[in-house]
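Structure file input_16.pdb (PDB, C-alpha atoms, pLDDT in the B column) is printed below.
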ATOM      1  CA  MET A   1      63.079 157.815 193.993  1.00 55.00           C
ATOM      2  CA  LEU A   2      62.670 160.155 191.019  1.00 61.00           C
ATOM      3  CA  GLN A   3      65.550 160.629 188.646  1.00 58.00           C
ATOM      4  CA  THR A   4      66.151 163.045 185.819  1.00 53.00           C
ATOM      5  CA  ILE A   5      67.551 161.505 182.666  1.00 49.00           C
ATOM      6  CA  ASP A   6      69.146 163.795 180.108  1.00 51.00           C
ATOM      7  CA  SER A   7      68.679 161.953 176.853  1.00 53.00           C
ATOM      8  CA  ASP A   8      67.586 162.815 173.344  1.00 50.00           C
ATOM      9  CA  GLU A   9      64.991 160.043 173.657  1.00 54.00           C
ATOM     10  CA  PHE A  10      63.019 161.997 176.280  1.00 57.00           C
ATOM     11  CA  ILE A  11      62.660 165.416 174.716  1.00 69.00           C
ATOM     12  CA  ASP A  12      59.789 167.465 176.057  1.00 76.00           C
ATOM     13  CA  THR A  13      58.425 169.530 173.169  1.00 83.00           C
ATOM     14  CA  ALA A  14      56.371 171.693 175.543  1.00 83.00           C
ATOM     15  CA  SER A  15      59.522 172.924 177.268  1.00 83.00           C
ATOM     16  CA  ILE A  16      61.151 173.655 173.910  1.00 85.00           C
ATOM     17  CA  LEU A  17      58.091 175.607 172.763  1.00 88.00           C
ATOM     18  CA  ALA A  18      57.966 177.576 176.019  1.00 87.00           C
ATOM     19  CA  ASP A  19      61.139 179.520 175.288  1.00 85.00           C
ATOM     20  CA  ALA A  20      61.513 179.157 171.509  1.00 85.00           C
ATOM     21  CA  ASP A  21      61.355 181.983 169.005  1.00 89.00           C
ATOM     22  CA  PRO A  22      58.529 181.781 166.414  1.00 91.00           C
ATOM     23  CA  GLU A  23      60.617 180.152 163.675  1.00 92.00           C
ATOM     24  CA  CYS A  24      62.002 177.439 165.956  1.00 93.00           C
ATOM     25  CA  ALA A  25      58.528 176.879 167.416  1.00 92.00           C
ATOM     26  CA  ALA A  26      57.159 176.283 163.910  1.00 94.00           C
ATOM     27  CA  LEU A  27      59.878 173.700 163.262  1.00 94.00           C
ATOM     28  CA  VAL A  28      59.159 171.973 166.581  1.00 93.00           C
ATOM     29  CA  ARG A  29      55.431 171.830 165.778  1.00 93.00           C
ATOM     30  CA  ALA A  30      56.212 170.436 162.308  1.00 94.00           C
ATOM     31  CA  LEU A  31      58.135 167.573 163.930  1.00 93.00           C
ATOM     32  CA  ALA A  32      55.471 166.972 166.584  1.00 85.00           C
ATOM     33  CA  ASP A  33      54.255 163.514 165.559  1.00 86.00           C
ATOM     34  CA  CYS A  34      57.251 162.315 163.558  1.00 89.00           C
ATOM     35  CA  CYS A  35      58.588 159.061 165.053  1.00 88.00           C
ATOM     36  CA  HIS A  36      61.857 158.990 163.128  1.00 90.00           C
ATOM     37  CA  PRO A  37      64.968 158.876 165.386  1.00 88.00           C
ATOM     38  CA  LYS A  38      66.435 161.845 163.526  1.00 93.00           C
ATOM     39  CA  ALA A  39      63.428 163.940 164.603  1.00 93.00           C
ATOM     40  CA  LYS A  40      64.530 163.629 168.230  1.00 91.00           C
ATOM     41  CA  ARG A  41      68.040 164.761 167.334  1.00 93.00           C
ATOM     42  CA  LEU A  42      66.635 167.745 165.432  1.00 94.00           C
ATOM     43  CA  LEU A  43      64.429 168.649 168.395  1.00 93.00           C
ATOM     44  CA  ALA A  44      67.483 168.502 170.657  1.00 91.00           C
ATOM     45  CA  ARG A  45      69.328 170.880 168.343  1.00 93.00           C
ATOM     46  CA  LEU A  46      66.310 173.219 168.211  1.00 92.00           C
ATOM     47  CA  SER A  47      66.201 173.339 172.009  1.00 91.00           C
ATOM     48  CA  GLN A  48      69.711 174.840 172.091  1.00 91.00           C
ATOM     49  CA  HIS A  49      68.594 178.243 170.723  1.00 89.00           C
ATOM     50  CA  PRO A  50      70.383 178.066 167.346  1.00 91.00           C
ATOM     51  CA  ASP A  51      71.760 181.145 165.609  1.00 92.00           C
ATOM     52  CA  LEU A  52      70.544 182.238 162.161  1.00 91.00           C
ATOM     53  CA  ALA A  53      72.994 180.124 160.140  1.00 93.00           C
ATOM     54  CA  THR A  54      72.298 177.020 162.195  1.00 94.00           C
ATOM     55  CA  ARG A  55      68.560 177.687 162.028  1.00 94.00           C
ATOM     56  CA  ALA A  56      68.677 177.769 158.218  1.00 95.00           C
ATOM     57  CA  GLN A  57      70.447 174.398 158.207  1.00 96.00           C
ATOM     58  CA  LEU A  58      67.926 173.005 160.709  1.00 96.00           C
ATOM     59  CA  ARG A  59      65.036 174.157 158.531  1.00 96.00           C
ATOM     60  CA  ALA A  60      66.550 172.320 155.547  1.00 96.00           C
ATOM     61  CA  ASP A  61      67.116 169.212 157.680  1.00 97.00           C
ATOM     62  CA  VAL A  62      63.540 169.294 158.982  1.00 97.00           C
ATOM     63  CA  LEU A  63      62.179 169.690 155.440  1.00 97.00           C
ATOM     64  CA  GLN A  64      64.272 166.741 154.245  1.00 97.00           C
ATOM     65  CA  LEU A  65      63.155 164.511 157.123  1.00 97.00           C
ATOM     66  CA  LEU A  66      59.489 165.422 156.743  1.00 96.00           C
ATOM     67  CA  THR A  67      59.700 164.830 152.995  1.00 96.00           C
ATOM     68  CA  LEU A  68      61.133 161.365 153.592  1.00 95.00           C
ATOM     69  CA  ALA A  69      58.552 160.565 156.261  1.00 93.00           C
ATOM     70  CA  PHE A  70      55.377 162.134 154.848  1.00 93.00           C
ATOM     71  CA  GLY A  71      56.001 163.224 151.264  1.00 95.00           C
ATOM     72  CA  LYS A  72      56.816 166.635 149.794  1.00 96.00           C
ATOM     73  CA  VAL A  73      53.291 168.097 149.840  1.00 96.00           C
ATOM     74  CA  GLU A  74      52.711 167.215 153.497  1.00 94.00           C
ATOM     75  CA  ALA A  75      56.193 168.397 154.462  1.00 95.00           C
ATOM     76  CA  LEU A  76      55.600 171.806 152.897  1.00 95.00           C
ATOM     77  CA  ARG A  77      52.164 172.033 154.516  1.00 95.00           C
ATOM     78  CA  ARG A  78      53.643 171.328 157.947  1.00 94.00           C
ATOM     79  CA  LEU A  79      56.299 173.998 157.525  1.00 93.00           C
ATOM     80  CA  GLN A  80      53.866 176.781 156.601  1.00 89.00           C
TER      81      GLN A  80
END

Would you write out, as structure tokens, the structure that this file holds?
Amino acid sequence: MLQTIDSDEFIDTASILADADPECAALVRALADCCHPKAKRLLARLSQHPDLATRAQLRADVLQLLTLAFGKVEALRRLQ
């Protein structure tokens, strides 16, 4: 029997990208191969269609996480 599990551990980035605005889509793509547990939480927040204020905070959080994971130069490259 097939079951659907709603968990942050099983986030489908394709479904987030399907209905995301361009800025959120860029943030999702930047987090694409990041294995950090916080990346999954950020993807979950991005999937909830954040407003402008929340989106600005998410962008800062994504930059911080990518800087910790990959270094500042790579983090900035991913966010362009």

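You can rank A:Phe70, A:Leu46, A:Leu52, A:Lys38 by their closest distance to Ala25 of chain A using all atoms listed in the file, and at the top of that list sits A:Leu46.
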
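For the choices A:Pro37, A:Arg78, A:Leu27, A:Val73, the atom-to-atom distance to Ala56 of chain A is smallest for A:Leu27 when using only C-alpha atoms.
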
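In this structure, atom CA of Asp19 of chain A sits 27.0 Å away from atom CA of Ala69 of chain A.
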
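Using the PyMOL selection byres ((chain A and resi 61) around 12) on the file at hand returns these residues: A:Leu27, A:Ala30, A:Leu31, A:Lys38, A:Ala39, A:Arg41, A:Leu42, A:Leu43, A:Arg45, A:Leu46, A:Thr54, A:Arg55, A:Ala56, A:Gln57, A:Leu58, A:Arg59, A:Ala60, A:Val62, A:Leu63, A:Gln64, A:Leu65, A:Leu66, A:Thr67, A:Leu68, A:Ala75, A:Leu79.
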
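Atom to atom, atom CA of Pro50 of chain A and atom CA of Cys35 of chain A stand 22.5 Å apart.
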
message = Rounded to one decimal, what separation in Å do you get between atom CA of His49 of chain A and atom CA of Ser15 of chain A?
response = 12.4 Å

inquiry  = Using only C-alpha atoms for the distances, tell me which of A:Lys40, A:Asp33, A:Glu74, A:Ser47 is nearest to Leu17 of chain A.
reply    = A:Ser47
